[in-house]
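J.: What follows is entry.json, JSON, C-alpha atoms.
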```
[["chain", "number", "residue", "atom", "x", "y", "z"],
["A", 1, "MET", "CA", -17.74, -65.66, 87.53],
["A", 2, "LYS", "CA", -19.41, -67.74, 84.84],
["A", 3, "GLU", "CA", -17.49, -65.90, 82.11],
["A", 4, "THR", "CA", -14.21, -66.48, 83.93],
["A", 5, "LEU", "CA", -15.01, -70.17, 84.22],
["A", 6, "ILE", "CA", -15.72, -70.41, 80.48],
["A", 7, "ARG", "CA", -12.47, -68.58, 79.70],
["A", 8, "ALA", "CA", -10.59, -71.00, 81.96],
["A", 9, "ILE", "CA", -12.17, -73.98, 80.22],
["A", 10, "TYR", "CA", -11.33, -72.64, 76.77],
["A", 11, "MET", "CA", -7.74, -71.71, 77.62],
["A", 12, "PRO", "CA", -6.32, -75.22, 76.95],
["A", 13, "VAL", "CA", -8.27, -75.29, 73.68],
["A", 14, "LEU", "CA", -6.72, -71.98, 72.66],
["A", 15, "LEU", "CA", -3.24, -73.19, 73.56],
["A", 16, "TYR", "CA", -3.86, -76.34, 71.57],
["A", 17, "MET", "CA", -5.00, -74.28, 68.58],
["A", 18, "ILE", "CA", -1.86, -72.17, 68.69],
["A", 19, "LEU", "CA", 0.62, -75.02, 69.16],
["A", 20, "GLN", "CA", -0.88, -77.88, 67.16],
["A", 21, "PRO", "CA", -0.27, -76.52, 63.61],
["A", 22, "MET", "CA", 3.37, -75.79, 64.44],
["A", 23, "LEU", "CA", 4.04, -79.19, 66.02],
["A", 24, "SER", "CA", 2.22, -81.01, 63.24],
["A", 25, "TYR", "CA", 4.20, -79.13, 60.58],
["A", 26, "LEU", "CA", 7.46, -79.88, 62.38],
["A", 27, "ASP", "CA", 6.61, -83.57, 62.57],
["A", 28, "TYR", "CA", 5.74, -83.63, 58.87],
["A", 29, "LEU", "CA", 9.08, -81.98, 58.00],
["A", 30, "TYR", "CA", 11.01, -84.52, 60.08],
["A", 31, "ASP", "CA", 9.14, -87.35, 58.39],
["A", 32, "LEU", "CA", 9.79, -85.84, 54.95],
["A", 33, "VAL", "CA", 13.49, -85.32, 55.57],
["A", 34, "VAL", "CA", 13.93, -88.95, 56.67],
["A", 35, "LYS", "CA", 12.11, -90.21, 53.57],
["A", 36, "LEU", "CA", 14.07, -87.92, 51.23],
["A", 37, "ASN", "CA", 17.38, -89.02, 52.72],
["A", 38, "THR", "CA", 16.33, -92.66, 52.36],
["A", 39, "ALA", "CA", 15.61, -92.09, 48.65],
["A", 40, "TYR", "CA", 18.97, -90.34, 48.24],
["A", 41, "LEU", "CA", 20.81, -93.16, 50.01],
["A", 42, "THR", "CA", 19.01, -95.80, 47.93],
["A", 43, "GLN", "CA", 19.92, -94.12, 44.62],
["A", 44, "LYS", "CA", 23.56, -93.78, 45.64],
["A", 45, "ALA", "CA", 23.66, -97.37, 46.93],
["A", 46, "ALA", "CA", 22.54, -98.61, 43.48],
["A", 47, "VAL", "CA", 25.70, -97.17, 41.93],
["A", 48, "GLU", "CA", 28.04, -98.36, 44.70],
["A", 49, "GLY", "CA", 26.41, -101.79, 45.08],
["A", 50, "MET", "CA", 25.83, -101.26, 48.80],
["A", 51, "VAL", "CA", 25.46, -98.57, 51.45],
["A", 52, "THR", "CA", 29.10, -97.64, 51.97],
["A", 53, "PRO", "CA", 30.27, -96.18, 55.32],
["A", 54, "GLN", "CA", 30.82, -92.84, 53.52],
["A", 55, "LEU", "CA", 27.23, -92.76, 52.25],
["A", 56, "GLU", "CA", 25.94, -93.74, 55.68],
["A", 57, "GLN", "CA", 27.95, -90.95, 57.30],
["A", 58, "GLU", "CA", 26.66, -88.46, 54.73],
["A", 59, "VAL", "CA", 23.05, -89.29, 55.60],
["A", 60, "ILE", "CA", 23.80, -89.21, 59.33],
["A", 61, "ASN", "CA", 25.32, -85.74, 58.84],
["A", 62, "ASN", "CA", 22.23, -84.59, 56.92],
["A", 63, "LEU", "CA", 19.91, -85.86, 59.65],
["A", 64, "THR", "CA", 21.93, -84.53, 62.58],
["A", 65, "ALA", "CA", 21.95, -81.14, 60.82],
["A", 66, "VAL", "CA", 18.16, -80.95, 61.22],
["A", 67, "GLY", "CA", 18.19, -81.82, 64.91],
["A", 68, "PHE", "CA", 18.33, -85.60, 65.29],
["A", 69, "SER", "CA", 21.07, -87.06, 67.44],
["A", 70, "GLU", "CA", 23.36, -89.74, 66.02],
["A", 71, "ASP", "CA", 22.08, -92.35, 68.52],
["A", 72, "GLU", "CA", 18.52, -91.95, 67.21],
["A", 73, "ILE", "CA", 19.45, -92.81, 63.61],
["A", 74, "HIS", "CA", 19.45, -96.46, 62.51],
["A", 75, "ILE", "CA", 20.38, -97.41, 58.94],
["A", 76, "GLU", "CA", 19.88, -100.99, 57.76],
["A", 77, "SER", "CA", 20.95, -102.46, 54.45],
["A", 78, "ASN", "CA", 22.62, -105.43, 52.81],
["A", 79, "PRO", "CA", 26.03, -105.91, 54.46],
["A", 80, "THR", "CA", 27.73, -107.14, 51.28],
["A", 81, "ILE", "CA", 28.06, -105.78, 47.76],
["A", 82, "ARG", "CA", 25.16, -106.51, 45.44],
["A", 83, "TYR", "CA", 26.19, -106.84, 41.80],
["A", 84, "ARG", "CA", 24.27, -105.61, 38.76],
["A", 85, "GLY", "CA", 20.81, -107.13, 38.67],
["A", 86, "GLU", "CA", 20.61, -107.91, 42.40],
["A", 87, "ARG", "CA", 18.25, -106.00, 44.66],
["A", 88, "ILE", "CA", 19.34, -103.64, 47.43],
["A", 89, "ASP", "CA", 17.02, -102.72, 50.31],
["A", 90, "VAL", "CA", 17.71, -99.65, 52.41],
["A", 91, "ILE", "CA", 15.84, -98.83, 55.62],
["A", 92, "VAL", "CA", 16.32, -95.64, 57.62],
["A", 93, "ARG", "CA", 14.67, -95.53, 61.02],
["A", 94, "VAL", "CA", 14.86, -92.49, 63.29],
["A", 95, "GLU", "CA", 13.40, -92.44, 66.78],
["A", 96, "ARG", "CA", 10.31, -90.25, 67.15],
["A", 97, "ASP", "CA", 10.32, -88.90, 70.67],
["A", 98, "ARG", "CA", 8.26, -85.82, 69.89],
["A", 99, "THR", "CA", 4.74, -86.11, 71.29],
["A", 100, "LEU", "CA", 1.85, -85.15, 69.06],
["A", 101, "PHE", "CA", -1.15, -83.84, 70.99],
["A", 102, "PRO", "CA", -3.92, -85.75, 69.22],
["A", 103, "TYR", "CA", -2.48, -89.07, 70.38],
["A", 104, "ILE", "CA", -3.00, -88.00, 74.01],
["A", 105, "PHE", "CA", -6.75, -87.95, 73.42],
["A", 106, "THR", "CA", -6.96, -91.28, 71.63],
["A", 107, "ASN", "CA", -6.19, -94.86, 72.53],
["A", 108, "LYS", "CA", -3.93, -95.15, 69.48],
["A", 109, "GLN", "CA", -0.18, -95.56, 69.83],
["A", 110, "GLN", "CA", 1.89, -92.79, 68.30],
["A", 111, "PRO", "CA", 4.43, -94.14, 65.76],
["A", 112, "SER", "CA", 7.69, -94.58, 67.64],
["A", 113, "TYR", "CA", 9.97, -93.77, 64.71],
["A", 114, "TYR", "CA", 10.21, -91.95, 61.38],
["A", 115, "TYR", "CA", 10.65, -94.56, 58.71],
["A", 116, "GLY", "CA", 11.98, -94.64, 55.19],
["A", 117, "HIS", "CA", 12.39, -97.66, 52.92],
["A", 118, "GLY", "CA", 13.84, -97.92, 49.44],
["A", 119, "SER", "CA", 14.34, -100.94, 47.21],
["A", 120, "ILE", "CA", 16.40, -100.72, 44.02],
["A", 121, "ILE", "CA", 18.35, -102.96, 41.64],
["A", 122, "SER", "CA", 22.12, -102.57, 41.79],
["A", 123, "GLU", "CA", 24.05, -101.10, 38.84],
["A", 124, "PHE", "CA", 27.41, -102.09, 40.27],
["A", 125, "LEU", "CA", 29.86, -103.84, 37.94],
["A", 126, "ASP", "CA", 33.14, -105.15, 39.26],
["B", 127, "MET", "CA", -22.99, -66.43, 75.87],
["B", 128, "ASP", "CA", -21.69, -64.10, 73.21],
["B", 129, "PHE", "CA", -18.12, -65.11, 74.12],
["B", 130, "THR", "CA", -19.00, -68.82, 73.90],
["B", 131, "ILE", "CA", -20.56, -68.45, 70.44],
["B", 132, "LYS", "CA", -17.57, -66.51, 69.10],
["B", 133, "LEU", "CA", -15.12, -68.99, 70.54],
["B", 134, "SER", "CA", -17.07, -71.95, 69.19],
["B", 135, "PHE", "CA", -16.95, -70.36, 65.75],
["B", 136, "ILE", "CA", -13.17, -69.91, 66.08],
["B", 137, "VAL", "CA", -12.81, -73.55, 67.14],
["B", 138, "LEU", "CA", -14.77, -74.64, 64.04],
["B", 139, "ILE", "CA", -12.55, -72.57, 61.75],
["B", 140, "PHE", "CA", -9.49, -73.98, 63.51],
["B", 141, "LEU", "CA", -10.71, -77.55, 63.02],
["B", 142, "PHE", "CA", -11.22, -76.97, 59.31],
["B", 143, "ALA", "CA", -7.81, -75.26, 58.92],
["B", 144, "TRP", "CA", -6.11, -78.02, 60.92],
["B", 145, "LEU", "CA", -7.58, -80.81, 58.83],
["B", 146, "TYR", "CA", -6.79, -78.91, 55.65],
["B", 147, "GLN", "CA", -3.18, -78.51, 56.78],
["B", 148, "GLU", "CA", -2.93, -82.22, 57.64],
["B", 149, "GLN", "CA", -4.37, -83.08, 54.23],
["B", 150, "ASN", "CA", -1.83, -80.89, 52.41],
["B", 151, "GLN", "CA", 1.04, -82.35, 54.40],
["B", 152, "GLU", "CA", -0.17, -85.86, 53.65],
["B", 153, "TRP", "CA", -0.49, -84.94, 49.95],
["B", 154, "ASP", "CA", 3.16, -83.86, 49.93],
["B", 155, "LEU", "CA", 4.34, -87.04, 51.69],
["B", 156, "GLN", "CA", 2.31, -89.22, 49.33],
["B", 157, "ARG", "CA", 3.62, -87.37, 46.28],
["B", 158, "ASN", "CA", 7.22, -87.77, 47.42],
["B", 159, "LEU", "CA", 6.72, -91.47, 48.10],
["B", 160, "LEU", "CA", 5.17, -91.96, 44.67],
["B", 161, "LYS", "CA", 7.87, -89.97, 42.89],
["B", 162, "ASP", "CA", 10.72, -91.87, 44.57],
["B", 163, "ALA", "CA", 9.06, -95.24, 43.95],
["B", 164, "ASN", "CA", 8.41, -94.34, 40.31],
["B", 165, "ASN", "CA", 12.05, -93.25, 39.87],
["B", 166, "PHE", "CA", 13.32, -96.51, 41.40],
["B", 167, "ALA", "CA", 10.91, -98.64, 39.37],
["B", 168, "ALA", "CA", 11.80, -96.89, 36.08],
["B", 169, "HIS", "CA", 15.48, -97.26, 36.98],
["B", 170, "ASP", "CA", 15.06, -100.99, 37.61],
["B", 171, "ALA", "CA", 13.10, -101.42, 34.38],
["B", 172, "ALA", "CA", 15.79, -99.62, 32.37],
["B", 173, "LEU", "CA", 18.38, -102.11, 33.63],
["B", 174, "GLN", "CA", 16.64, -104.98, 31.83],
["B", 175, "ILE", "CA", 18.97, -104.94, 28.84],
["B", 176, "ASP", "CA", 18.83, -107.78, 26.31],
["B", 177, "ASP", "CA", 22.28, -109.41, 26.65],
["B", 178, "ASP", "CA", 22.17, -111.02, 23.17],
["B", 179, "GLU", "CA", 21.55, -107.64, 21.56],
["B", 180, "LYS", "CA", 24.19, -106.06, 23.76],
["B", 181, "SER", "CA", 26.76, -108.54, 22.44],
["B", 182, "ARG", "CA", 25.86, -107.25, 18.94],
["B", 183, "GLY", "CA", 26.52, -103.69, 20.08],
["B", 184, "ARG", "CA", 22.88, -102.64, 20.42],
["B", 185, "LEU", "CA", 21.24, -101.35, 23.61],
["B", 186, "ILE", "CA", 17.79, -102.95, 23.61],
["B", 187, "ILE", "CA", 15.53, -103.05, 26.67],
["B", 188, "ASP", "CA", 13.48, -106.21, 27.06],
["B", 189, "ASP", "CA", 9.94, -104.73, 27.13],
["B", 190, "THR", "CA", 8.17, -107.61, 28.86],
["B", 191, "LEU", "CA", 10.82, -108.09, 31.51],
["B", 192, "ALA", "CA", 11.09, -104.32, 32.04],
["B", 193, "ARG", "CA", 7.35, -104.05, 32.68],
["B", 194, "ALA", "CA", 7.41, -107.00, 35.12],
["B", 195, "VAL", "CA", 10.39, -105.56, 37.01],
["B", 196, "PHE", "CA", 8.75, -102.11, 37.03],
["B", 197, "GLU", "CA", 5.61, -103.50, 38.67],
["B", 198, "ASP", "CA", 7.58, -105.59, 41.15],
["B", 199, "SER", "CA", 9.70, -102.60, 42.14],
["B", 200, "LEU", "CA", 6.62, -100.40, 42.65],
["B", 201, "GLN", "CA", 5.03, -103.06, 44.84],
["B", 202, "ARG", "CA", 8.17, -103.43, 46.95],
["B", 203, "ASN", "CA", 8.74, -99.71, 47.40],
["B", 204, "LEU", "CA", 5.15, -98.78, 48.19],
["B", 205, "GLY", "CA", 4.05, -101.92, 50.05],
["B", 206, "LEU", "CA", 1.39, -102.89, 47.49],
["B", 207, "ASP", "CA", -0.30, -106.18, 46.76],
["B", 208, "GLY", "CA", -0.60, -107.81, 43.32],
["B", 209, "SER", "CA", -3.46, -105.50, 42.31],
["B", 210, "PHE", "CA", -1.58, -102.40, 43.52],
["B", 211, "ASN", "CA", -3.71, -101.84, 46.59],
["B", 212, "PRO", "CA", -1.86, -100.92, 49.81],
["B", 213, "ARG", "CA", -1.07, -103.84, 52.11],
["B", 214, "PRO", "CA", -1.42, -103.35, 55.89],
["B", 215, "GLY", "CA", 1.40, -101.05, 57.03],
["B", 216, "SER", "CA", 1.91, -99.53, 53.59],
["B", 217, "PRO", "CA", 2.68, -95.78, 53.59],
["B", 218, "VAL", "CA", 0.32, -95.33, 50.63],
["B", 219, "LEU", "CA", -3.31, -94.55, 51.43],
["B", 220, "SER", "CA", -5.08, -95.83, 48.32],
["B", 221, "GLU", "CA", -4.68, -97.83, 45.13],
["B", 222, "VAL", "CA", -1.78, -96.96, 42.80],
["B", 223, "ARG", "CA", -2.51, -96.96, 39.06],
["B", 224, "ILE", "CA", 0.08, -97.32, 36.29],
["B", 225, "LEU", "CA", -1.18, -94.93, 33.62],
["B", 226, "HIS", "CA", 1.65, -95.06, 31.16],
["B", 227, "PHE", "CA", 4.68, -97.25, 30.55],
["B", 228, "GLU", "CA", 6.80, -96.81, 27.46],
["B", 229, "VAL", "CA", 10.22, -98.06, 26.41],
["B", 230, "PHE", "CA", 12.43, -96.36, 23.85],
["B", 231, "ASP", "CA", 15.58, -98.09, 22.67],
["B", 232, "GLU", "CA", 17.58, -98.65, 19.50],
["B", 233, "SER", "CA", 14.85, -100.90, 18.08],
["B", 234, "ASN", "CA", 12.13, -98.24, 17.96],
["B", 235, "ALA", "CA", 13.79, -94.81, 18.15],
["B", 236, "THR", "CA", 16.66, -92.71, 16.85],
["B", 237, "PHE", "CA", 18.40, -90.59, 19.45],
["B", 238, "PRO", "CA", 18.26, -87.80, 20.35],
["B", 239, "PHE", "CA", 14.61, -86.94, 19.80],
["B", 240, "PHE", "CA", 12.11, -84.60, 21.43],
["B", 241, "TYR", "CA", 9.54, -86.62, 23.35],
["B", 242, "GLN", "CA", 6.12, -85.06, 23.76],
["B", 243, "ASN", "CA", 3.17, -86.53, 25.56],
["B", 244, "PRO", "CA", 0.30, -84.01, 25.75],
["B", 245, "THR", "CA", -1.89, -86.38, 27.83],
["B", 246, "TYR", "CA", 0.55, -86.30, 30.75],
["B", 247, "ARG", "CA", 2.16, -82.97, 29.86],
["B", 248, "ILE", "CA", 5.64, -84.38, 29.32],
["B", 249, "ALA", "CA", 8.06, -82.70, 26.92],
["B", 250, "GLN", "CA", 11.72, -83.59, 27.07],
["B", 251, "TRP", "CA", 14.73, -84.34, 24.88],
["B", 252, "ILE", "CA", 15.63, -88.02, 25.08],
["B", 253, "TYR", "CA", 19.30, -88.81, 24.48],
["B", 254, "GLY", "CA", 19.40, -92.60, 24.80],
["B", 255, "PRO", "CA", 17.42, -95.76, 25.58],
["B", 256, "SER", "CA", 14.76, -94.84, 28.12],
["B", 257, "VAL", "CA", 11.87, -95.95, 30.22],
["B", 258, "ILE", "CA", 9.02, -93.46, 30.67],
["B", 259, "SER", "CA", 6.32, -94.10, 33.24],
["B", 260, "VAL", "CA", 3.42, -92.26, 34.81],
["B", 261, "ILE", "CA", 1.65, -93.45, 37.95],
["B", 262, "GLU", "CA", -1.09, -91.96, 40.10],
["B", 263, "THR", "CA", -3.00, -92.40, 43.33],
["B", 264, "ASP", "CA", -5.97, -90.66, 44.90],
["B", 265, "HIS", "CA", -5.58, -87.35, 46.70],
["B", 266, "PRO", "CA", -5.76, -87.90, 50.48],
["B", 267, "ARG", "CA", -9.11, -86.63, 51.78],
["B", 268, "PHE", "CA", -9.50, -85.49, 55.35],
["B", 269, "VAL", "CA", -11.89, -82.66, 54.47],
["B", 270, "TYR", "CA", -14.74, -84.35, 52.67],
["B", 271, "ARG", "CA", -17.03, -82.97, 49.98],
["B", 272, "VAL", "CA", -15.71, -79.44, 50.16],
["B", 273, "PHE", "CA", -13.28, -79.41, 47.26],
["B", 274, "GLN", "CA", -12.79, -81.72, 44.32],
["B", 275, "HIS", "CA", -9.18, -82.89, 44.26],
["B", 276, "LEU", "CA", -7.21, -84.14, 41.30],
["B", 277, "PRO", "CA", -5.32, -87.41, 41.84],
["B", 278, "ILE", "CA", -1.59, -87.27, 42.60],
["B", 279, "ARG", "CA", 0.12, -88.05, 39.30],
["B", 280, "VAL", "CA", 3.88, -88.39, 38.89],
["B", 281, "PRO", "CA", 5.99, -89.07, 35.80],
["B", 282, "ALA", "CA", 9.49, -90.56, 35.70],
["B", 283, "ILE", "CA", 12.01, -90.79, 32.87],
["B", 284, "GLN", "CA", 15.04, -93.01, 33.23],
["B", 285, "GLU", "CA", 17.48, -92.78, 30.35],
["B", 286, "TYR", "CA", 20.95, -93.91, 29.34],
["B", 287, "LYS", "CA", 23.18, -91.02, 28.40],
["B", 288, "GLU", "CA", 26.49, -91.01, 26.65],
["B", 289, "ASN", "CA", 29.34, -90.59, 29.10],
["B", 290, "ARG", "CA", 31.05, -87.43, 27.92],
["B", 291, "LEU", "CA", 33.79, -87.43, 30.58]]
```
Would you kindly transcribe this structure into structure tokens?

T.:
Amino acid sequence: MKETLIRAIYMPVLLYMILQPMLSYLDYLYDLVVKLNTAYLTQKAAVEGMVTPQLEQEVINNLTAVGFSEDEIHIESNPTIRYRGERIDVIVRVERDRTLFPYIFTNKQQPSYYYGHGSIISEFLD
Amino acid sequence: MDFTIKLSFIVLIFLFAWLYQEQNQEWDLQRNLLKDANNFAAHDAALQIDDDEKSRGRLIIDDTLARAVFEDSLQRNLGLDGSFNPRPGSPVLSEVRILHFEVFDESNATFPFFYQNPTYRIAQWIYGPSVISVIETDHPRFVYRVFQHLPIRVPAIQEYKENRL
């Protein structure tokens, strides 16, 4: 009886041990892919002078290909062309609705989105 | 009792493995952030062309301005304060250090040439005016005093190349 009780107590711990590395790795990959796409978008925006609708669509396609839905992806940047020497800021924000176990046991708030930010000087010449 | 001891041992191993995994993941994220920021900052520095020299047909990078823009760009991309320490909300975990910043242009080099820097293990052909930079930050540490970790160090080379199209 005592042994069974101990096994029952440890069962959630075992489940946690099996699932946590996988969920944590998945979350890290999502975070990484958002940051890499932000860097890509920023570099391309420097040449074009702004985040063009084509570039935006390309990044949305990249992110939807790894499992995000289009509604979850928010891309912010300067709405007008920045000429050579002016700075361009690009922000990619993707909603983070995947729950990470450790946050259940703490009073900390889990980050509500994956976030990428890039700032670069435009190369664009008219 | 035997079962409890074994399971406790497994839990301890799991905790260590979990923290080690988190540390490695964080290392990778930090390295990517640093690499992208260094690329952007070197890019921005390389754009600081001296217009007077350009009108004479020479591509000369303004060293002082390039360095100032490089630092500003790093601070903006990594959320750092004036002394390169992370501000609240910054994705970087510790201080960023600029180890090396070098400008090659038509005033101090003949292109192409083979650039070698044994200190930072860089060896590359340089085909035009360039900015070379190396930055580093501390390795994230979730598992303390077990292993000695080298800092995360990333180089970046931004160069002008002849358009052969």

J.: Distance limit 8 Å, atoms considered: all atoms listed in the file. Which chain B residues sit that close to chain A? Return them as JSON, numbers by chain.

T.: {"B": [130, 137, 140, 144, 147, 148, 151, 155, 158, 159, 162, 163, 166, 167, 169, 170, 173, 199, 202, 203]}

J.: Smallest atom-to-atom distance to Gly183 of chain B: which of B:Leu204, B:Glu232, B:Ser256, B:Phe227, using all atoms listed in the file?

T.: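 Closest candidate: B:Glu232.
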
J.: Expressed in Å to a single decimal, how great is the separation between atom CA of Val218 of chain B and atom CA of Glu197 of chain B?

T.: 15.4 Å

J.: Fewer than 2 positions away in the same chain doesn't count, so skip those; otherwise give me all residues within 9 Å of Gln250 of chain B, counting all atoms listed in the file, as number ranges by chain.

T.: B: 239-242, 248, 252

J.: Keeping only C-alpha atoms, write the selected residues to a file as a short mmCIF file (atom, residue, chain, number, x, y, z; two decimals), keeping the file's coordinate frame.

T.:
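Everything below was put into result_8.cif:
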```cif
data_model
loop_
_atom_site.label_atom_id
_atom_site.label_comp_id
_atom_site.auth_asym_id
_atom_site.auth_seq_id
_atom_site.Cartn_x
_atom_site.Cartn_y
_atom_site.Cartn_z
CA PHE B 239 14.61 -86.94 19.80
CA PHE B 240 12.11 -84.60 21.43
CA TYR B 241 9.54 -86.62 23.35
CA GLN B 242 6.12 -85.06 23.76
CA ILE B 248 5.64 -84.38 29.32
CA ILE B 252 15.63 -88.02 25.08
#
```

J.: Would you pick out the contacts of Leu145 of chain B at 8 Å or less, using only C-alpha atoms, so that residues sharing its chain but fewer than 3 positions from it are not included, and give the list as a PyMOL selection string?

T.: chain B and resi 141-142+148-149+268-269

J.: Go ahead and compute the interatomic distance for atom CA of Lys287 of chain B and atom CA of Val33 of chain A, in Å to one decimal.

T.: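 Atom CA of Val33 of chain A lies at a distance of 29.4 Å from atom CA of Lys287 of chain B.
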
J.: List the spatial neighbours of Ala171 of chain B as a VMD selection string - criterion: any atom at most 6 Å away, all atoms listed in the file, same-chain residues fewer than 6 positions off excluded.

T.: chain B and resid 192 195 to 196

J.: What does the file look like for those residues with C-alpha atoms, as a JSON list (two decimals), in the frame of the given file?

T.:
```json
[["chain", "number", "residue", "atom", "x", "y", "z"],
["B", 192, "ALA", "CA", 11.09, -104.32, 32.04],
["B", 195, "VAL", "CA", 10.39, -105.56, 37.01],
["B", 196, "PHE", "CA", 8.75, -102.11, 37.03]]
```

J.: I want to know what sits within 12 Å of Val66 of chain A, based on all atoms listed in the file, with residues of the same chain fewer than 2 positions away left out; could you give that as a PyMOL selection string?

T.: chain A and resi 26-27+29-34+37+59-64+68-70

J.: Quick check, in Å to one decimal: how far apart do atom CA of Ile278 of chain B and atom CA of Arg193 of chain B lie?

T.: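 Between atom CA of Ile278 of chain B and atom CA of Arg193 of chain B the gap is 21.4 Å.
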
J.: Could you give me, as a PyMOL selection string, the residues that have an atom at most 12 Å away from the point (-3.0, -86.9, 28.0) in the coordinates of the file, using only C-alpha atoms?

T.: chain B and resi 225-226+242-249+260+279

J.: Using only C-alpha atoms for the distances, tell me which of B:Phe135, B:Val257, B:Lys161, B:Ala143 is nearest to Gln174 of chain B.

T.: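 Closest candidate: B:Val257.
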
J.: From the options A:Val94, A:Ile88, A:Met1, A:Leu15, which residue's atoms come nearest to Ile75 of chain A, counting only C-alpha atoms?

T.: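 Comparing A:Val94, A:Ile88, A:Met1, A:Leu15 against Ile75 of chain A, the winner is A:Val94.
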
J.: Take segment 46-73 of chain A from the block and save it with C-alpha atoms, as a PDB file, in the first residue's frame.

T.:
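Saved to out.pdb:
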```
ATOM      1  CA  ALA A  46      18.001  47.585 -45.388  1.00  0.00           C
ATOM      2  CA  VAL A  47      18.339  46.995 -49.128  1.00  0.00           C
ATOM      3  CA  GLU A  48      14.712  47.818 -49.964  1.00  0.00           C
ATOM      4  CA  GLY A  49      14.480  50.806 -47.599  1.00  0.00           C
ATOM      5  CA  MET A  50      11.447  49.346 -45.820  1.00  0.00           C
ATOM      6  CA  VAL A  51       9.645  46.084 -45.096  1.00  0.00           C
ATOM      7  CA  THR A  52       7.847  45.578 -48.396  1.00  0.00           C
ATOM      8  CA  PRO A  53       4.598  43.550 -48.544  1.00  0.00           C
ATOM      9  CA  GLN A  54       6.520  40.828 -50.435  1.00  0.00           C
ATOM     10  CA  LEU A  55       9.139  40.555 -47.681  1.00  0.00           C
ATOM     11  CA  GLU A  56       6.423  40.522 -45.030  1.00  0.00           C
ATOM     12  CA  GLN A  57       4.596  37.735 -46.861  1.00  0.00           C
ATOM     13  CA  GLU A  58       7.829  35.759 -47.190  1.00  0.00           C
ATOM     14  CA  VAL A  59       8.376  35.852 -43.423  1.00  0.00           C
ATOM     15  CA  ILE A  60       4.729  35.005 -42.745  1.00  0.00           C
ATOM     16  CA  ASN A  61       5.106  31.992 -45.059  1.00  0.00           C
ATOM     17  CA  ASN A  62       8.274  30.912 -43.228  1.00  0.00           C
ATOM     18  CA  LEU A  63       6.555  31.173 -39.848  1.00  0.00           C
ATOM     19  CA  THR A  64       3.313  29.484 -40.888  1.00  0.00           C
ATOM     20  CA  ALA A  65       5.432  26.637 -42.304  1.00  0.00           C
ATOM     21  CA  VAL A  66       6.641  25.832 -38.766  1.00  0.00           C
ATOM     22  CA  GLY A  67       3.165  25.815 -37.247  1.00  0.00           C
ATOM     23  CA  PHE A  68       2.164  29.384 -36.401  1.00  0.00           C
ATOM     24  CA  SER A  69      -1.114  30.669 -37.764  1.00  0.00           C
ATOM     25  CA  GLU A  70      -1.193  33.891 -39.764  1.00  0.00           C
ATOM     26  CA  ASP A  71      -3.338  35.646 -37.118  1.00  0.00           C
ATOM     27  CA  GLU A  72      -0.651  35.077 -34.474  1.00  0.00           C
ATOM     28  CA  ILE A  73       2.073  36.876 -36.445  1.00  0.00           C
TER      29      ILE A  73
END
```
